[in-house]
>>> print(open('input_6.cif').read())   # mmCIF, C-alpha atoms
data_upload
#
loop_
_atom_site.label_atom_id
_atom_site.label_comp_id
_atom_site.auth_asym_id
_atom_site.auth_seq_id
_atom_site.Cartn_x
_atom_site.Cartn_y
_atom_site.Cartn_z
CA MET A 1 -17.06 3.56 -12.81
CA ILE A 2 -18.28 6.64 -10.97
CA PRO A 3 -19.01 6.67 -7.23
CA SER A 4 -22.23 7.95 -5.78
CA GLY A 5 -22.19 11.64 -4.87
CA PHE A 6 -20.85 12.83 -1.54
CA GLU A 7 -19.82 15.96 0.27
CA TYR A 8 -16.10 16.45 0.82
CA HIS A 9 -14.66 17.74 4.07
CA ARG A 10 -11.03 18.51 4.76
CA PRO A 11 -10.43 19.24 8.44
CA ASN A 12 -7.10 20.60 9.67
CA SER A 13 -7.01 19.04 13.12
CA VAL A 14 -7.99 15.82 14.86
CA GLN A 15 -10.50 17.77 16.99
CA GLU A 16 -12.13 19.18 13.87
CA ALA A 17 -12.23 15.74 12.21
CA VAL A 18 -13.77 14.12 15.27
CA ALA A 19 -16.36 16.91 15.57
CA LEU A 20 -17.33 16.36 11.92
CA LEU A 21 -17.66 12.62 12.47
CA ALA A 22 -19.89 13.23 15.49
CA GLN A 23 -22.01 15.78 13.66
CA LEU A 24 -22.43 13.80 10.42
CA GLY A 25 -22.94 10.42 12.08
CA GLU A 26 -23.06 7.09 10.28
CA GLU A 27 -23.18 8.61 6.79
CA ALA A 28 -19.61 9.89 7.14
CA ARG A 29 -16.41 7.96 6.46
CA PRO A 30 -12.82 9.03 7.13
CA LEU A 31 -10.67 8.99 3.97
CA ALA A 32 -6.98 8.10 4.31
CA GLY A 33 -5.07 6.92 1.20
CA GLY A 34 -8.34 5.82 -0.38
CA HIS A 35 -7.02 2.62 -1.92
CA SER A 36 -9.52 0.43 -0.08
CA LEU A 37 -12.40 2.91 0.15
CA ILE A 38 -12.42 4.39 -3.37
CA PRO A 39 -12.62 0.99 -5.14
CA VAL A 40 -15.68 -0.02 -3.08
CA MET A 41 -17.22 3.41 -3.68
CA LYS A 42 -16.72 2.98 -7.43
CA THR A 43 -18.58 -0.33 -7.38
CA ARG A 44 -21.10 1.34 -5.02
CA LEU A 45 -20.75 -1.36 -2.41
CA SER A 46 -20.16 1.69 -0.24
CA ALA A 47 -21.88 5.03 -0.74
CA PRO A 48 -21.03 7.38 2.13
CA GLU A 49 -22.72 10.77 1.98
CA HIS A 50 -19.72 12.53 3.50
CA LEU A 51 -16.00 11.90 3.16
CA ILE A 52 -13.71 13.36 5.78
CA ASP A 53 -10.28 13.57 4.17
CA LEU A 54 -7.58 13.20 6.83
CA ALA A 55 -4.78 14.31 4.47
CA GLY A 56 -4.77 17.85 5.85
CA VAL A 57 -4.92 16.90 9.52
CA SER A 58 -1.69 17.94 11.17
CA GLY A 59 0.16 15.47 13.35
CA LEU A 60 -1.09 12.25 11.75
CA LYS A 61 2.09 11.59 9.76
CA GLY A 62 5.53 10.54 10.79
CA ILE A 63 7.56 7.93 12.62
CA ARG A 64 9.15 8.65 15.98
CA GLN A 65 11.00 6.80 18.70
CA GLU A 66 9.96 6.85 22.35
CA PRO A 67 11.58 4.83 25.12
CA GLY A 68 10.80 1.20 24.27
CA HIS A 69 8.35 2.11 21.51
CA ILE A 70 8.08 3.20 17.92
CA VAL A 71 5.10 5.44 17.24
CA ILE A 72 3.78 5.72 13.68
CA GLY A 73 1.19 8.30 12.65
CA ALA A 74 -1.89 6.75 11.05
CA MET A 75 -1.47 8.69 7.77
CA THR A 76 2.10 7.48 7.26
CA THR A 77 2.24 5.77 3.87
CA GLN A 78 3.56 2.32 3.03
CA TYR A 79 6.19 4.08 0.91
CA GLU A 80 7.36 6.08 3.92
CA ILE A 81 7.43 2.93 6.06
CA SER A 82 9.50 0.94 3.56
CA GLY A 83 11.96 3.83 3.22
CA SER A 84 12.43 4.63 6.92
CA PRO A 85 15.99 4.06 8.25
CA LEU A 86 14.62 4.11 11.83
CA LEU A 87 12.21 1.27 11.06
CA ALA A 88 14.86 -0.64 9.09
CA GLU A 89 16.92 -0.67 12.26
CA THR A 90 14.26 -1.25 14.90
CA LEU A 91 11.34 -3.01 13.17
CA PRO A 92 12.57 -4.44 9.87
CA ILE A 93 9.48 -6.65 9.59
CA LEU A 94 7.51 -3.51 8.72
CA ARG A 95 9.65 -2.81 5.66
CA GLU A 96 9.42 -6.46 4.60
CA THR A 97 5.62 -6.35 4.91
CA SER A 98 5.01 -2.95 3.33
CA LEU A 99 6.95 -3.97 0.22
CA GLN A 100 4.51 -6.87 -0.25
CA ILE A 101 1.43 -4.62 -0.16
CA GLY A 102 -0.15 -3.55 -3.43
CA ASP A 103 2.30 -2.19 -5.98
CA PRO A 104 4.58 0.89 -6.10
CA GLN A 105 1.81 3.32 -7.05
CA ILE A 106 -0.49 2.03 -4.32
CA ARG A 107 2.27 2.23 -1.69
CA TYR A 108 2.80 5.94 -2.37
CA LEU A 109 -0.75 6.65 -1.17
CA GLY A 110 -1.84 3.68 0.94
CA THR A 111 -1.45 4.35 4.67
CA LEU A 112 -0.66 2.23 7.70
CA GLY A 113 -3.72 3.61 9.49
CA GLY A 114 -6.05 2.76 6.63
CA ASN A 115 -4.57 -0.71 6.34
CA VAL A 116 -5.06 -1.58 10.00
CA ALA A 117 -8.33 0.29 10.70
CA ASN A 118 -10.33 -0.85 7.69
CA GLY A 119 -10.85 -4.33 9.15
CA ASP A 120 -10.34 -6.16 5.85
CA PRO A 121 -8.97 -9.61 6.77
CA GLY A 122 -6.95 -9.51 3.52
CA ASN A 123 -4.88 -6.55 4.68
CA ASP A 124 -1.33 -7.45 5.68
CA MET A 125 -0.42 -5.06 8.50
CA PRO A 126 -3.06 -6.18 11.05
CA ALA A 127 -1.48 -9.62 11.57
CA VAL A 128 1.94 -7.98 11.85
CA MET A 129 0.55 -5.59 14.47
CA MET A 130 -0.93 -8.52 16.41
CA CYS A 131 2.41 -10.30 16.18
CA LEU A 132 4.19 -7.20 17.54
CA ASP A 133 1.52 -6.47 20.20
CA ALA A 134 0.95 -2.96 18.84
CA GLU A 135 -1.58 -0.60 20.37
CA TYR A 136 -3.91 1.63 18.36
CA GLN A 137 -4.68 5.12 19.66
CA LEU A 138 -8.30 6.09 18.98
CA VAL A 139 -9.57 9.61 19.48
CA GLY A 140 -13.25 10.51 19.79
CA GLN A 141 -15.19 13.41 21.20
CA SER A 142 -15.09 11.88 24.66
CA GLY A 143 -11.34 11.49 24.63
CA GLN A 144 -8.54 9.13 23.69
CA ARG A 145 -8.14 5.40 24.33
CA GLY A 146 -5.68 2.70 23.40
CA VAL A 147 -6.80 -0.67 22.04
CA ARG A 148 -4.37 -3.53 21.51
CA ALA A 149 -4.29 -4.89 17.97
CA ARG A 150 -4.94 -8.30 19.54
CA ASP A 151 -8.31 -7.01 20.82
CA PHE A 152 -9.23 -4.79 17.86
CA TYR A 153 -10.53 -7.16 15.18
CA LEU A 154 -14.05 -8.46 15.83
CA GLY A 155 -15.06 -9.73 12.40
CA ALA A 156 -14.67 -8.90 8.72
CA TYR A 157 -14.78 -5.07 8.52
CA ASP A 158 -15.87 -5.04 12.15
CA THR A 159 -13.42 -3.52 14.60
CA ALA A 160 -13.36 -2.01 18.09
CA ARG A 161 -13.25 1.47 16.54
CA GLN A 162 -16.49 3.34 17.28
CA ASN A 163 -18.15 5.37 14.53
CA GLY A 164 -17.12 8.71 15.99
CA GLU A 165 -13.49 7.73 16.49
CA ILE A 166 -10.39 8.28 14.39
CA LEU A 167 -7.24 6.19 14.57
CA THR A 168 -4.41 8.65 15.15
CA GLU A 169 -1.32 6.56 15.78
CA ILE A 170 0.05 3.07 16.23
CA ARG A 171 2.40 2.37 19.14
CA ILE A 172 4.67 -0.63 18.71
CA PRO A 173 6.93 -2.10 21.41
CA VAL A 174 10.42 -2.43 19.96
CA PRO A 175 11.51 -6.09 19.91
CA PRO A 176 14.96 -6.88 21.35
CA ARG A 177 17.96 -5.99 19.22
CA GLY A 178 19.04 -8.98 17.13
CA HIS A 179 15.57 -10.52 16.98
CA GLY A 180 14.65 -12.63 13.98
CA TYR A 181 11.68 -11.67 11.82
CA ALA A 182 9.88 -12.58 8.62
CA TYR A 183 6.65 -11.87 6.78
CA GLU A 184 5.92 -14.66 4.33
CA LYS A 185 3.05 -14.07 1.92
CA LEU A 186 1.75 -16.42 -0.74
CA LYS A 187 -0.11 -14.49 -3.45
CA ARG A 188 -1.17 -15.13 -7.02
CA LYS A 189 0.24 -11.90 -8.44
CA VAL A 190 1.58 -8.48 -7.48
CA GLY A 191 -1.16 -6.47 -5.83
CA ASP A 192 -3.24 -9.47 -4.77
CA TYR A 193 -4.33 -10.27 -1.26
CA ALA A 194 -2.66 -13.25 0.39
CA VAL A 195 -3.77 -16.83 -0.16
CA ALA A 196 -2.23 -17.04 3.30
CA ALA A 197 0.53 -15.14 5.05
CA ALA A 198 2.42 -15.35 8.34
CA ALA A 199 4.31 -12.81 10.43
CA VAL A 200 6.92 -14.12 12.86
CA ILE A 201 9.26 -12.48 15.31
CA LEU A 202 11.48 -14.44 17.67
CA THR A 203 14.62 -14.26 19.76
CA MET A 204 17.33 -16.90 20.22
CA THR A 205 19.71 -17.27 23.17
CA ASN A 206 22.35 -20.00 23.30
CA GLY A 207 20.60 -21.89 20.52
CA LYS A 208 17.19 -21.85 22.19
CA CYS A 209 14.15 -19.81 21.26
CA THR A 210 13.38 -17.46 24.17
CA MET A 211 10.53 -15.41 22.70
CA ALA A 212 8.22 -15.93 19.72
CA SER A 213 5.08 -14.38 18.33
CA ILE A 214 3.10 -15.31 15.20
CA GLY A 215 0.33 -13.54 13.28
CA LEU A 216 -1.72 -14.88 10.35
CA THR A 217 -3.28 -12.96 7.42
CA ASN A 218 -6.40 -13.77 5.39
CA VAL A 219 -7.18 -17.21 6.73
CA ALA A 220 -10.22 -16.25 8.85
CA ASP A 221 -12.76 -13.43 9.21
CA THR A 222 -10.12 -11.52 11.15
CA PRO A 223 -6.34 -11.53 11.30
CA LEU A 224 -5.20 -14.09 13.85
CA TRP A 225 -2.68 -14.09 16.68
CA ALA A 226 -1.40 -17.67 16.81
CA GLU A 227 -0.52 -17.83 20.49
CA ALA A 228 -0.27 -21.63 20.83
CA ALA A 229 1.81 -21.90 17.66
CA ALA A 230 4.36 -19.44 19.06
CA GLN A 231 4.32 -21.20 22.43
CA ALA A 232 5.33 -24.44 20.68
CA LEU A 233 8.63 -22.79 19.77
CA ILE A 234 9.72 -21.50 23.17
CA GLY A 235 12.61 -23.44 24.68
CA THR A 236 13.28 -25.39 21.49
CA GLY A 237 16.16 -25.05 19.06
CA LEU A 238 13.62 -24.38 16.28
CA ASP A 239 14.33 -27.84 14.94
CA HIS A 240 12.16 -29.57 12.38
CA ALA A 241 9.80 -31.05 14.98
CA ALA A 242 9.25 -27.73 16.77
CA ILE A 243 8.49 -25.95 13.51
CA ALA A 244 6.07 -28.73 12.49
CA ASN A 245 4.29 -28.41 15.85
CA ALA A 246 3.96 -24.65 15.42
CA ALA A 247 2.64 -25.01 11.87
CA ALA A 248 0.08 -27.60 13.00
CA ALA A 249 -1.06 -25.36 15.87
CA ALA A 250 -1.42 -22.42 13.46
CA GLU A 251 -3.45 -24.50 10.99
CA THR A 252 -5.87 -25.46 13.78
CA ILE A 253 -7.05 -21.90 14.37
CA THR A 254 -7.61 -20.99 10.71
CA ASP A 255 -11.08 -20.83 9.17
CA PRO A 256 -10.48 -19.54 5.66
CA ALA A 257 -13.08 -18.85 2.98
CA ALA A 258 -13.03 -20.91 -0.21
CA ASP A 259 -12.65 -18.40 -3.02
CA GLY A 260 -10.59 -17.63 -6.11
CA ARG A 261 -7.48 -18.06 -3.99
CA GLY A 262 -8.28 -21.71 -3.43
CA PRO A 263 -10.37 -24.15 -1.40
CA ALA A 264 -10.41 -23.73 2.37
CA GLU A 265 -8.30 -26.87 2.98
CA TYR A 266 -5.59 -25.57 0.66
CA ARG A 267 -5.48 -22.18 2.30
CA THR A 268 -5.22 -23.76 5.75
CA LYS A 269 -2.26 -25.86 4.56
CA MET A 270 -0.68 -22.79 3.00
CA ALA A 271 -1.04 -20.94 6.31
CA GLY A 272 0.99 -23.74 7.87
CA MET A 273 3.52 -23.54 5.05
CA MET A 274 3.89 -19.77 5.47
CA VAL A 275 4.43 -20.29 9.22
CA ARG A 276 7.17 -22.84 8.49
CA ARG A 277 8.93 -20.57 6.02
CA ALA A 278 8.62 -17.50 8.24
CA ILE A 279 10.05 -19.32 11.27
CA ALA A 280 12.94 -20.69 9.22
CA ARG A 281 13.77 -17.27 7.84
CA ALA A 282 13.35 -15.53 11.19
CA LYS A 283 15.69 -18.11 12.73
CA SER A 284 18.31 -17.47 10.03
CA ARG A 285 18.15 -13.75 10.81
CA ALA A 286 18.17 -13.98 14.61
CA GLN A 287 21.39 -13.27 16.45
CA ASN A 288 22.17 -15.96 18.94
CA MET B 1 -24.34 17.55 -4.79
CA SER B 2 -22.75 20.97 -4.89
CA ARG B 3 -19.63 21.60 -6.89
CA VAL B 4 -16.38 22.57 -5.25
CA PRO B 5 -13.46 24.58 -6.59
CA VAL B 6 -10.25 22.75 -7.41
CA LYS B 7 -6.94 24.17 -8.47
CA MET B 8 -3.85 22.29 -9.59
CA THR B 9 -0.83 22.63 -11.81
CA ILE B 10 -0.88 20.23 -14.74
CA ASN B 11 2.23 20.00 -16.89
CA GLY B 12 3.30 23.42 -15.62
CA ARG B 13 -0.04 25.08 -16.40
CA ALA B 14 -2.37 26.31 -13.64
CA VAL B 15 -5.83 24.75 -13.99
CA GLU B 16 -8.92 25.79 -12.03
CA ALA B 17 -12.36 24.25 -12.23
CA LEU B 18 -15.58 23.60 -10.36
CA ILE B 19 -16.09 19.88 -9.93
CA GLU B 20 -18.29 17.37 -8.17
CA PRO B 21 -16.27 15.88 -5.28
CA ARG B 22 -16.83 12.39 -6.72
CA THR B 23 -14.89 13.29 -9.89
CA LEU B 24 -11.94 10.93 -10.24
CA LEU B 25 -8.61 12.45 -11.21
CA ILE B 26 -8.49 10.40 -14.44
CA HIS B 27 -11.90 11.77 -15.49
CA PHE B 28 -10.84 15.29 -14.59
CA LEU B 29 -7.67 15.00 -16.67
CA ARG B 30 -9.35 13.43 -19.68
CA GLU B 31 -12.70 15.20 -19.75
CA GLN B 32 -12.12 18.59 -18.17
CA ALA B 33 -8.45 19.29 -18.79
CA GLY B 34 -8.62 17.68 -22.25
CA LEU B 35 -5.58 15.51 -21.62
CA THR B 36 -6.41 12.06 -22.97
CA GLY B 37 -2.90 10.62 -22.75
CA ALA B 38 -3.52 8.88 -19.42
CA HIS B 39 -5.74 5.91 -20.19
CA ILE B 40 -8.51 4.08 -18.36
CA GLY B 41 -7.66 0.39 -18.57
CA CYS B 42 -9.04 -1.77 -15.81
CA ASP B 43 -10.59 1.08 -13.79
CA THR B 44 -9.81 -0.97 -10.64
CA SER B 45 -6.26 0.19 -9.75
CA HIS B 46 -4.61 -2.94 -11.14
CA CYS B 47 -3.34 -2.12 -14.63
CA GLY B 48 -1.54 1.21 -14.22
CA ALA B 49 -2.58 2.66 -17.62
CA CYS B 50 -3.90 5.75 -15.77
CA THR B 51 -0.60 6.40 -13.94
CA VAL B 52 0.37 10.06 -13.61
CA ASP B 53 2.80 11.97 -11.43
CA LEU B 54 1.23 13.64 -8.38
CA ASN B 55 3.75 15.69 -6.41
CA ALA B 56 6.53 13.47 -7.85
CA MET B 57 4.81 10.23 -6.81
CA SER B 58 3.35 7.99 -9.49
CA VAL B 59 -0.28 7.30 -8.68
CA LYS B 60 -3.17 5.50 -10.33
CA SER B 61 -5.46 8.38 -11.22
CA CYS B 62 -8.52 6.08 -11.41
CA THR B 63 -8.24 5.66 -7.63
CA VAL B 64 -7.70 9.28 -6.59
CA PHE B 65 -10.43 11.91 -6.38
CA ALA B 66 -9.51 15.08 -8.24
CA ILE B 67 -10.30 17.01 -5.06
CA GLN B 68 -7.55 15.07 -3.26
CA ALA B 69 -5.12 16.57 -5.79
CA ASN B 70 -6.22 20.11 -4.93
CA GLY B 71 -3.07 22.25 -4.93
CA ALA B 72 -0.92 19.45 -6.35
CA GLU B 73 1.60 19.38 -9.18
CA ILE B 74 0.51 16.87 -11.81
CA VAL B 75 2.57 15.64 -14.74
CA THR B 76 0.99 13.53 -17.46
CA ILE B 77 2.48 11.98 -20.59
CA GLU B 78 1.63 15.22 -22.43
CA GLY B 79 4.11 17.03 -20.18
CA MET B 80 7.08 14.79 -20.96
CA ALA B 81 8.33 16.03 -24.34
CA ALA B 82 10.09 19.41 -24.50
CA ALA B 83 8.21 22.46 -25.80
CA ASP B 84 9.96 22.12 -29.17
CA GLY B 85 8.72 18.55 -29.50
CA THR B 86 11.99 16.84 -28.54
CA LEU B 87 11.05 13.53 -26.98
CA HIS B 88 11.89 12.81 -23.35
CA ALA B 89 14.58 10.14 -22.91
CA LEU B 90 11.90 7.63 -21.87
CA GLN B 91 9.79 8.34 -24.94
CA ASP B 92 12.90 8.00 -27.08
CA GLY B 93 13.77 4.76 -25.28
CA PHE B 94 10.36 3.21 -25.91
CA ARG B 95 10.69 4.20 -29.58
CA GLN B 96 14.26 2.97 -30.06
CA MET B 97 13.83 -0.31 -28.18
CA HIS B 98 10.32 -1.14 -29.46
CA GLY B 99 8.89 -0.86 -25.96
CA LEU B 100 5.33 -0.83 -27.21
CA GLN B 101 3.05 -2.63 -29.59
CA CYS B 102 -0.56 -1.46 -29.19
CA GLY B 103 0.58 1.45 -27.02
CA TYR B 104 -2.32 1.40 -24.58
CA CYS B 105 -0.19 0.86 -21.47
CA THR B 106 2.63 3.12 -22.67
CA PRO B 107 1.65 6.46 -21.07
CA GLY B 108 1.34 4.72 -17.70
CA MET B 109 4.58 2.80 -18.19
CA ILE B 110 6.47 5.96 -19.06
CA MET B 111 5.04 7.98 -16.17
CA ARG B 112 5.83 5.16 -13.72
CA ALA B 113 9.36 4.79 -15.11
CA HIS B 114 9.78 8.57 -14.86
CA SER B 115 9.25 8.54 -11.11
CA LEU B 116 11.30 5.33 -10.74
CA LEU B 117 14.32 6.87 -12.49
CA LYS B 118 14.06 10.03 -10.38
CA GLU B 119 14.34 7.89 -7.23
CA ASN B 120 16.82 5.42 -8.63
CA PRO B 121 18.72 6.83 -11.63
CA ASN B 122 20.58 3.59 -12.31
CA PRO B 123 18.24 0.69 -11.52
CA SER B 124 19.11 -2.97 -12.04
CA GLU B 125 16.87 -5.08 -14.25
CA ASP B 126 15.24 -6.53 -11.12
CA GLU B 127 14.62 -3.07 -9.71
CA ILE B 128 13.00 -2.03 -12.98
CA ARG B 129 10.76 -5.10 -12.99
CA ILE B 130 9.71 -4.49 -9.37
CA GLY B 131 9.35 -0.78 -10.10
CA ILE B 132 6.85 -1.37 -12.93
CA SER B 133 5.09 -4.27 -11.23
CA GLY B 134 1.93 -2.16 -10.93
CA ASN B 135 1.71 -1.68 -14.70
CA LEU B 136 0.34 -4.36 -16.98
CA CYS B 137 1.27 -4.81 -20.65
CA ARG B 138 -0.63 -7.44 -22.61
CA CYS B 139 1.46 -7.22 -25.79
CA THR B 140 5.17 -7.16 -25.21
CA GLY B 141 6.03 -9.58 -22.46
CA TYR B 142 7.90 -6.67 -20.81
CA GLN B 143 11.33 -7.52 -22.29
CA ASN B 144 11.50 -4.46 -24.50
CA ILE B 145 9.87 -2.25 -21.88
CA VAL B 146 12.71 -3.09 -19.50
CA LYS B 147 15.24 -2.35 -22.27
CA SER B 148 13.48 0.94 -23.05
CA ILE B 149 13.84 2.04 -19.44
CA GLN B 150 17.49 0.93 -19.37
CA TYR B 151 18.06 2.90 -22.59
CA ALA B 152 16.45 5.99 -21.05
CA ALA B 153 18.47 5.65 -17.84
CA ALA B 154 21.70 5.48 -19.84
CA LYS B 155 20.68 8.48 -21.94
CA ILE B 156 19.76 10.55 -18.86
CA ASN B 157 23.03 9.54 -17.18
CA GLY B 158 24.99 10.44 -20.32
CA VAL B 159 26.49 6.99 -20.80
CA PRO B 160 26.22 4.71 -23.84
CA TYR B 161 23.44 2.13 -23.68
CA GLN B 162 24.68 -1.43 -23.73
CA GLU B 163 22.20 -4.18 -24.22
CA ALA B 164 22.69 -7.04 -21.77
CA ALA B 165 23.71 -10.34 -23.35
CA GLU B 166 20.72 -12.68 -23.68
#
>>> encode(input="input_6.cif", output="structure tokens")
Amino acid sequence: MIPSGFEYHRPNSVQEAVALLAQLGEEARPLAGGHSLIPVMKTRLSAPEHLIDLAGVSGLKGIRQEPGHIVIGAMTTQYEISGSPLLAETLPILRETSLQIGDPQIRYLGTLGGNVANGDPGNDMPAVMMCLDAEYQLVGQSGQRGVRARDFYLGAYDTARQNGEILTEIRIPVPPRGHGYAYEKLKRKVGDYAVAAAAVILTMTNGKCTMASIGLTNVADTPLWAEAAAQALIGTGLDHAAIANAAAAAETITDPAADGRGPAEYRTKMAGMMVRRAIARAKSRAQN
Amino acid sequence: MSRVPVKMTINGRAVEALIEPRTLLIHFLREQAGLTGAHIGCDTSHCGACTVDLNAMSVKSCTVFAIQANGAEIVTIEGMAAADGTLHALQDGFRQMHGLQCGYCTPGMIMRAHSLLKENPNPSEDEIRIGISGNLCRCTGYQNIVKSIQYAAAKINGVPYQEAAE
């Protein structure tokens, strides 16, 4: 399969990339790792006239620590995320998630920025970013702005990113030391999108859950932040009844498509099941 | 669409060409560089038959534009054997342990295993299976592919290969 023709641009700086986007308008697409964009170009579902390759833009790669935050450059690959000692220590849920994305070859090239900015509800990182209350830094010709992941996803492939903007970095508040975490993903095979998946972080103090947050993948037009489900855990010992309440609350907000991954009812139930498993595993990992 | 210059090193040889930006790396390798060892299987980044080394990372060359590899170091299956024809340890492993039947997936399997063994010279069976999880084989059931990679790891590490008890 051969994509439709396009002109290739390789800017060196964010300013240059943003100027190109402004100049070329709606016919231009930023290219990150390409593992979402190139497949749809090959089937010609997408036929941009200009590709703006961000691979040469300085400053878009890397993982750094700031007080209270981890900041990840948008062009940082899944491979770099899964291998980062800093993330293993501060945000281990990112390693757990990245290792469930695609396959080894895809993770060498696929980027965090591409995964979260594309707006595909099947992508795994958006729900994790909602769970963690991450903020996306968007740069356009008129300046820079931050948008919370929880406000970013408007519909399938529809996000708060404007056409002339580029996602430059993702800022993630560091959860408390000793927090529990899990990303549970049900999939048919390696490389597949989730039937349903759940991201959970929580903290435990004296046997009681003091903080919890839950995100859901691929069970609606957008990733979901399951606020009520997490609320059902606070103050409980994460006993069977509390987990069942959280799973039921999570199921309520799903609206999955019926497709090759199963009927809608099944995927809703699997979302609940992933929430149960993720809470149980997060609890087992949390320091008390 | 106008053509653009591209330059890369393939199997140690400098290659320059004028290409359309939409040229995929697999098409560039097969049709312009004349290297038909990397195969097009699914053409949708699932099967891994097109896997090559790009700057020491194994990538699916059906899902990379050749222009993205501008300036890169590429290794394909043709670059694995020594100049005198001596097989690479992985090629020898696949031969000794019957790691192939039809052979279609083999170039991708070997290139993926090559990068895996560089990162992890002594992988467990589980690590091998996870490491090649982006490569599909429809003949062998993977048992002998895993053994082939274990054989190659032992050979590279200079230790005798011992087959695990079944």
>>> interface_residues(input="input_6.cif", of="chain A", to="chain B", cutoff="12 Å", atoms="only C-alpha atoms", output="NGL selection string")
:A and (1-10 or 31-44 or 47-56 or 77 or 79-80 or 83 or 99-110 or 189-192)
>>> residues_around(input="input_6.cif", residues="Asn245 of chain A", least_positions_apart="3", cutoff="9 Å", atoms="all atoms listed in the file", output="ChimeraX atom specification")
/A:229,232-233,240-242,248-250
>>> resolve_selection(input="input_6.cif", expression="the PyMOL selection byres ((chain A and resi 217) around 9)", output="MDAnalysis selection string")
chainID A and resid 121:128 185 194:199 215:216 218:220 222:224 271
>>> closest_residue(input="input_6.cif", among="A:Gly262, A:Gly114, A:Pro176, A:Gly119", to="Ala156 of chain A", atoms="all atoms listed in the file")
A:Gly119
>>> residues_near_point(input="input_6.cif", point="(-5.4, 15.5, -19.3)", cutoff="12 Å", atoms="only C-alpha atoms", output="JSON, numbers by chain")
{"B": [8, 9, 10, 11, 13, 15, 25, 26, 27, 28, 29, 30, 31, 32, 33, 34, 35, 36, 37, 38, 39, 40, 50, 51, 52, 53, 61, 66, 74, 75, 76, 77, 78, 79, 107]}
>>> residues_around(input="input_6.cif", residues="Gly99 of chain B", least_positions_apart="2", cutoff="7 Å", atoms="only C-alpha atoms", output="PyMOL selection string")
chain B and resi 94-95+97+144-145+148
>>> write_last_selection(input="input_6.cif", atoms="C-alpha atoms", output="compact mmCIF listing (two decimals), in the frame of the given file")
# COMPACT_ATOMS: atom_id res chain seq x y z
CA PHE B 94 10.36 3.21 -25.91
CA ARG B 95 10.69 4.20 -29.58
CA MET B 97 13.83 -0.31 -28.18
CA ASN B 144 11.50 -4.46 -24.50
CA ILE B 145 9.87 -2.25 -21.88
CA SER B 148 13.48 0.94 -23.05
>>> resolve_selection(input="input_6.cif", expression="the PyMOL selection byres ((chain B and resi 93) around 12)", output="number ranges by chain")
B: 87-92, 94-100, 106, 109-110, 113-114, 144-156, 161
>>> atom_distance(input="input_6.cif", atom1="atom CA of Gln287 of chain A", atom2="atom CA of Glu127 of chain B")
28.9 Å
>>> closest_residue(input="input_6.cif", among="A:Gly140, A:Gly73, A:Gly164, A:Gly207", to="Asp239 of chain A", atoms="all atoms listed in the file")
A:Gly207
>>> closest_residue(input="input_6.cif", among="A:Ala117, A:Ile279, A:Ala22, A:Cys131", to="Ala74 of chain A", atoms="only C-alpha atoms")
A:Ala117
>>> resolve_selection(input="input_6.cif", expression="the PyMOL selection byres ((chain A and resi 71) around 6)", output="list in words")
Ile63, Arg64, Ile70, Ile72, Ile170 and Arg171 of chain A
